[in-house]
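Coordinates as given in structure_34.txt (compact mmCIF, C-alpha atoms):
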# COMPACT_ATOMS: atom_id res chain seq x y z
CA MET A 281 72.45 187.84 -41.47
CA ASN A 282 70.01 190.68 -42.12
CA LEU A 283 68.31 192.66 -44.86
CA ASP A 284 69.34 196.11 -43.59
CA CYS A 285 73.00 196.24 -44.63
CA GLN A 286 74.12 196.00 -41.01
CA TRP A 287 77.49 194.40 -40.25
CA PRO A 288 77.05 191.60 -37.68
CA ALA A 289 78.75 191.80 -34.29
CA ASP A 290 82.37 190.80 -34.79
CA PRO A 291 84.91 191.36 -31.97
CA PRO A 292 87.81 193.63 -33.03
CA ARG A 293 90.77 191.54 -34.08
CA PRO A 294 93.72 192.77 -36.15
CA LEU A 295 94.51 190.31 -38.92
CA ASP A 296 97.98 189.39 -40.13
CA LEU A 297 97.42 188.10 -43.66
CA ARG A 298 100.72 186.26 -43.62
CA HIS A 299 98.91 183.59 -41.60
CA ALA A 300 96.55 181.22 -43.41
CA GLU A 301 93.97 181.29 -40.62
CA HIS A 302 93.75 185.08 -40.73
CA LEU A 303 93.53 184.99 -44.52
CA ARG A 304 90.62 182.55 -44.33
CA HIS A 305 88.90 184.75 -41.75
CA LEU A 306 89.10 187.80 -44.01
CA ALA A 307 87.87 185.78 -47.00
CA GLY A 308 84.90 184.62 -44.92
CA ASP A 309 84.13 188.19 -43.87
CA ILE A 310 84.22 189.34 -47.49
CA GLU A 311 81.74 186.63 -48.46
CA VAL A 312 79.47 187.62 -45.57
CA ALA A 313 79.64 191.23 -46.77
CA ASP A 314 78.78 190.15 -50.31
CA GLU A 315 75.76 188.24 -49.05
CA LEU A 316 74.57 191.20 -46.98
CA VAL A 317 74.87 193.48 -50.02
CA VAL A 318 72.86 191.08 -52.20
CA ARG A 319 70.15 190.69 -49.55
CA TYR A 320 69.95 194.44 -49.04
CA ARG A 321 69.64 195.13 -52.76
CA ASP A 322 66.90 192.51 -53.14
CA GLU A 323 64.96 193.79 -50.13
CA GLU A 324 65.22 197.45 -51.16
CA GLY A 325 64.30 196.52 -54.71
CA GLY A 326 61.08 194.90 -53.53
CA ARG A 327 62.15 191.34 -54.29
CA ARG A 328 61.49 190.30 -50.68
CA PRO A 329 64.19 187.65 -50.10
CA ARG A 330 62.93 185.09 -47.58
CA PRO A 331 64.41 181.83 -46.25
CA TRP A 332 63.15 178.62 -47.79
CA PHE A 333 64.67 175.34 -46.54
CA GLY A 334 67.69 177.29 -45.38
CA ILE A 335 68.21 179.07 -48.72
CA GLN A 336 67.38 182.74 -49.21
CA VAL A 337 64.91 183.01 -52.11
CA ARG A 338 63.48 186.06 -53.85
CA THR A 339 59.70 185.91 -53.58
CA ARG A 340 59.12 188.68 -56.12
CA MET A 341 61.03 188.84 -59.39
CA SER A 342 59.64 191.83 -61.30
CA SER A 343 60.82 194.72 -59.11
CA LEU A 344 63.81 196.85 -59.99
CA PRO A 345 66.96 196.82 -57.86
CA PRO A 346 67.58 199.80 -55.57
CA PRO A 347 69.40 202.83 -56.97
CA ALA A 348 73.07 202.21 -57.65
CA GLU A 349 74.14 204.76 -55.06
CA GLN A 350 72.36 202.77 -52.34
CA ALA A 351 74.15 199.59 -53.32
CA ARG A 352 77.50 201.41 -53.43
CA ALA A 353 76.83 202.93 -50.03
CA CYS A 354 76.02 199.50 -48.59
CA ARG A 355 79.20 197.98 -49.97
CA ALA A 356 81.24 200.91 -48.65
CA ARG A 357 79.65 200.43 -45.23
CA MET A 358 80.61 196.74 -45.25
CA ALA A 359 84.18 197.53 -46.28
CA ASP A 360 84.49 200.19 -43.58
CA ALA A 361 83.26 197.71 -40.96
CA ILE A 362 85.78 195.06 -42.03
CA MET A 363 88.65 197.53 -42.08
CA ALA A 364 87.73 198.95 -38.67
CA THR A 365 87.29 195.51 -37.12
CA HIS A 366 90.40 193.84 -38.52
CA SER A 367 92.80 196.69 -39.30
CA VAL A 368 93.11 195.80 -42.97
CA THR A 369 93.42 198.08 -46.00
CA PRO A 370 91.21 198.43 -49.10
CA SER A 371 93.98 196.92 -51.24
CA GLN A 372 94.16 193.87 -48.98
CA ILE A 373 90.40 193.40 -49.21
CA ALA A 374 90.57 193.73 -53.00
CA ASP A 375 93.42 191.21 -53.21
CA VAL A 376 91.62 188.60 -51.09
CA THR A 377 88.39 189.17 -53.03
CA GLN A 378 90.18 188.21 -56.25
CA ARG A 379 91.23 184.92 -54.63
CA LEU A 380 87.71 183.83 -53.75
CA ALA A 381 87.30 182.01 -57.06
CA ALA A 382 90.50 179.98 -56.56
CA ARG A 383 89.12 176.74 -55.13
CA GLY A 384 91.45 174.27 -56.75
CA ALA A 385 89.76 171.01 -57.72
CA ASP A 386 86.44 172.12 -56.16
CA LEU A 387 85.70 168.57 -54.99
CA PRO A 388 81.99 169.06 -54.09
CA VAL A 389 81.41 169.73 -57.79
CA THR A 390 84.14 167.65 -59.43
CA LEU A 391 83.63 164.32 -57.63
CA PRO A 392 79.88 163.91 -58.38
CA VAL A 393 80.44 164.89 -62.01
CA LEU A 394 83.30 162.39 -62.36
CA LEU A 395 81.17 159.63 -60.84
CA LEU A 396 78.38 160.43 -63.29
CA TYR A 397 80.88 160.49 -66.15
CA GLY A 398 82.27 157.08 -65.18
CA PHE A 399 78.78 155.57 -65.14
CA VAL A 400 77.70 157.12 -68.44
CA ALA A 401 80.99 156.23 -70.14
CA ARG A 402 80.65 152.61 -69.08
CA VAL A 403 77.06 152.41 -70.33
CA GLY A 404 78.03 154.11 -73.60
CA ALA A 405 80.97 151.80 -74.26
CA ARG A 406 78.84 148.75 -73.50
CA ALA A 407 76.11 149.97 -75.86
CA ILE A 408 78.62 150.47 -78.68
CA ARG A 409 80.06 146.98 -78.22
CA SER A 410 76.57 145.48 -78.24
CA ARG A 411 75.20 147.45 -81.19
CA PHE A 412 78.25 147.55 -83.48
CA ALA A 413 80.09 144.36 -82.54
CA ASP A 414 79.72 142.87 -86.05
CA ASP A 415 80.24 146.10 -88.01
CA ALA A 416 83.41 147.28 -89.69
CA ARG A 417 86.07 148.96 -87.55
CA ALA A 418 85.43 152.29 -89.30
CA VAL A 419 81.76 152.17 -88.28
CA GLN A 420 82.77 151.42 -84.69
CA LEU A 421 85.18 154.37 -84.66
CA VAL A 422 82.49 156.75 -85.93
CA ALA A 423 80.12 155.47 -83.24
CA VAL A 424 82.77 156.00 -80.56
CA PHE A 425 83.40 159.56 -81.76
CA LEU A 426 79.73 160.52 -81.86
CA VAL A 427 79.01 159.02 -78.45
CA SER A 428 82.08 160.71 -76.98
CA VAL A 429 80.86 164.11 -78.20
CA ALA A 430 77.40 163.49 -76.74
CA ILE A 431 78.83 162.38 -73.39
CA ALA A 432 81.25 165.33 -73.24
CA ALA A 433 78.44 167.79 -73.96
CA ALA A 434 76.28 166.18 -71.27
CA VAL A 435 79.12 166.31 -68.72
CA VAL A 436 79.74 170.00 -69.41
CA ALA A 437 76.02 170.81 -69.14
CA VAL A 438 75.50 168.82 -65.95
CA GLY A 439 78.72 170.18 -64.46
CA GLY A 440 77.64 173.75 -65.13
CA LEU A 441 74.23 173.14 -63.57
CA TRP A 442 75.65 171.32 -60.54
CA SER A 443 78.31 173.97 -59.95
CA GLY A 444 75.58 176.60 -59.82
CA VAL A 445 73.46 174.54 -57.41
CA SER A 446 76.50 173.84 -55.24
CA GLU A 447 77.33 177.55 -55.05
CA ILE A 448 73.73 178.43 -54.14
CA VAL A 449 73.84 175.95 -51.27
CA ARG A 450 77.28 177.16 -50.17
CA VAL A 451 76.34 180.85 -49.96
CA GLY A 452 72.76 180.18 -48.85
CA ASN A 453 71.12 182.34 -51.49
CA GLU A 454 69.58 181.46 -54.85
CA HIS A 455 70.50 184.93 -56.11
CA LEU A 456 74.20 184.60 -56.87
CA SER A 457 74.34 187.98 -58.60
CA PHE A 458 77.99 189.03 -59.18
CA ARG A 459 79.17 185.92 -57.32
CA ALA A 460 78.27 183.77 -60.31
CA SER A 461 81.47 185.00 -61.97
CA ARG A 462 83.47 183.23 -59.25
CA ILE A 463 82.25 179.79 -60.27
CA ALA A 464 85.21 178.06 -61.87
CA TRP A 465 83.29 175.52 -63.97
CA PRO A 466 82.28 177.74 -66.93
CA SER A 467 85.87 178.81 -67.53
CA ARG A 468 86.97 175.17 -67.40
CA ALA A 469 84.20 173.89 -69.66
CA PRO A 470 86.36 173.61 -72.84
CA ILE A 471 89.01 171.65 -70.94
CA TRP A 472 86.40 169.35 -69.43
CA PHE A 473 84.81 168.82 -72.85
CA LEU A 474 88.09 167.73 -74.44
CA ALA A 475 89.19 165.68 -71.43
CA THR A 476 85.94 163.73 -71.14
CA MET A 477 85.73 163.17 -74.89
CA MET A 478 89.27 161.82 -75.15
CA GLY A 479 88.82 159.91 -71.92
CA PHE A 480 85.91 158.07 -73.47
CA TRP A 481 88.08 157.13 -76.44
CA VAL A 482 90.54 155.49 -74.07
CA PHE A 483 87.72 153.87 -72.12
CA ALA A 484 86.13 152.47 -75.28
CA ALA A 485 89.49 151.22 -76.61
CA VAL A 486 90.26 149.38 -73.37
CA ALA A 487 86.76 147.91 -73.27
CA GLN A 488 87.06 146.77 -76.91
CA PHE A 489 90.47 145.23 -76.29
CA SER A 490 89.16 143.36 -73.24
CA SER A 491 86.14 142.12 -75.18
CA GLU A 492 88.26 140.83 -78.07
CA LYS A 493 90.65 139.16 -75.66
CA ARG A 494 87.79 137.33 -73.96
CA ARG A 495 86.53 136.17 -77.35
CA ARG A 496 89.95 134.78 -78.25
CA ASP A 497 90.24 133.04 -74.91
CA ASP A 498 86.77 131.54 -75.28
CA GLY A 499 87.63 130.41 -78.78
CA GLN A 500 90.67 128.53 -77.51
Is it possible to give me this structure as structure tokens?
Amino acid sequence: MNLDCQWPADPPRPLDLRHAEHLRHLAGDIEVADELVVRYRDEEGGRRPRPWFGIQVRTRMSSLPPPAEQARACRARMADAIMATHSVTPSQIADVTQRLAARGADLPVTLPVLLLYGFVARVGARAIRSRFADDARAVQLVAVFLVSVAIAAAVVAVGGLWSGVSEIVRVGNEHLSFRASRIAWPSRAPIWFLATMMGFWVFAAVAQFSSEKRRRDDGQ
């Protein structure tokens, strides 16, 4: 990796994109090219990107980016290098670039958020049972709804933050630039909000049913 928009040494190798391994190789090259473009723009714009604990960080934030023609020339140079090295076409590069955001479940982000959700949902359901155990059912339902909204909002916020941090670590640069649009979490935020809210309703209902069953058993 460098700050001069220079394509790293890569032995010539024609790629057949019908093979998954070749497709992954091209996707990796595109991401390397993106990183080189971002580093070049930051360096030429006076932002002085420097490594910090393995992550490239801009040490100056007030400078302007380089002229647009420089950035376009750098990206064209990267594309030319990829095409010359791997015998691929501009349309193939464009097609694979569009697939970079398709990461499926994105487990490095999804699993930690689900674990956090499970913990918070359990604590929330327990708090409702403790605080509103002797109140009317309507009061309990209102409490469940309000807590579910709060938990869903927290999950969406934490998920968005964690997805950004995860992407920074993955690409090795705190300046995501145009790559931020490839993070899947923001586009899935409404779905996650509804899913976690309704999931808490189910969680609270099961917890309430179990609590009432234990009371009946103890009463017998």
inquiry  = For a quick check of your reading of the model, name the residues lying within 10 Å of the coordinate (71.8, 191.0, -52.1), counting only C-alpha atoms, and write them as a list in words.
reply    = Leu283, Cys285, Ala313, Asp314, Glu315, Leu316, Val317, Val318, Arg319, Tyr320, Arg321, Asp322, Glu323, Glu324, Gly325, Arg327, Pro329, Gln336, Arg338, Pro345, Ala351, Asn453, His455, Leu456, Ser457 and Phe458 of chain A
remark   = Using all atoms listed in the file, the residue out of A:Pro291, A:Gly479, A:Pro388, A:Gly308 with shortest distance to Ala401 (chain A) is A:Gly479
ask   = From the list A:Arg298, A:Lys493, A:Arg304, A:Ala348, which residue is nearest Thr377 (chain A) when using all atoms listed in the file?
value =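 Looking at the shortest contact to Thr377 (chain A), the residue is A:Arg304.
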ask   = Looking at all atoms listed in the file, which of A:Arg462, A:Arg450, A:Arg330, A:Arg411 is the one that sits closest to Gln378 (chain A)?
value =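 Nearest candidate to Gln378 (chain A) out of A:Arg462, A:Arg450, A:Arg330, A:Arg411: A:Arg462.
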Pairwise distance for CA of Phe483 (chain A) and CA of Val438 (chain A), rounded to one decimal in Å =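 These two atoms are separated by 20.3 Å.
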inquiry  = One decimal, in Å: what's the spacing between CA of Ile463 (chain A) and CA of Ser443 (chain A)?
reply    =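 One can read the CA of Ile463 (chain A) to CA of Ser443 (chain A) distance as 7.0 Å.
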request  = Can you work out the spacing between CA of Gly439 (chain A) and CA of Trp465 (chain A) in Å, to one decimal?
outcome  =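 Separation of CA of Gly439 (chain A) and CA of Trp465 (chain A): 7.0 Å.
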ask   = Which one is closest to Asp386 (chain A): A:Ile310, A:Val403, A:Ala464, A:Val449? Count all atoms listed in the file.
value = A:Ala464
inquiry  = Set the distance at 10 Å and use only C-alpha atoms: which residues neighbour Leu441 (chain A) once local chain neighbours fewer than 4 positions away are removed? I'd like the list as a list of chain:residue names.
reply    =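 Near neighbours after the sequence-gap exclusion: A:Val389, A:Val435, A:Val436, A:Ala437, A:Val445, A:Ser446, A:Trp465, A:Pro466.
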task = Could you give me, as a ChimeraX atom specification, the residues within 8 Å of Leu306 (chain A), counting all atoms listed in the file and dropping anything in the same chain fewer than 6 positions from it?
result = /A:295,373,376
request  = Go through A:Ala485, A:Ala289, A:Leu395, A:Ala307 and flag the residue nearest Leu380 (chain A), using only C-alpha atoms for the distances.
outcome  =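 Counting only C-alpha atoms, the residue closest to Leu380 (chain A) is A:Ala307.
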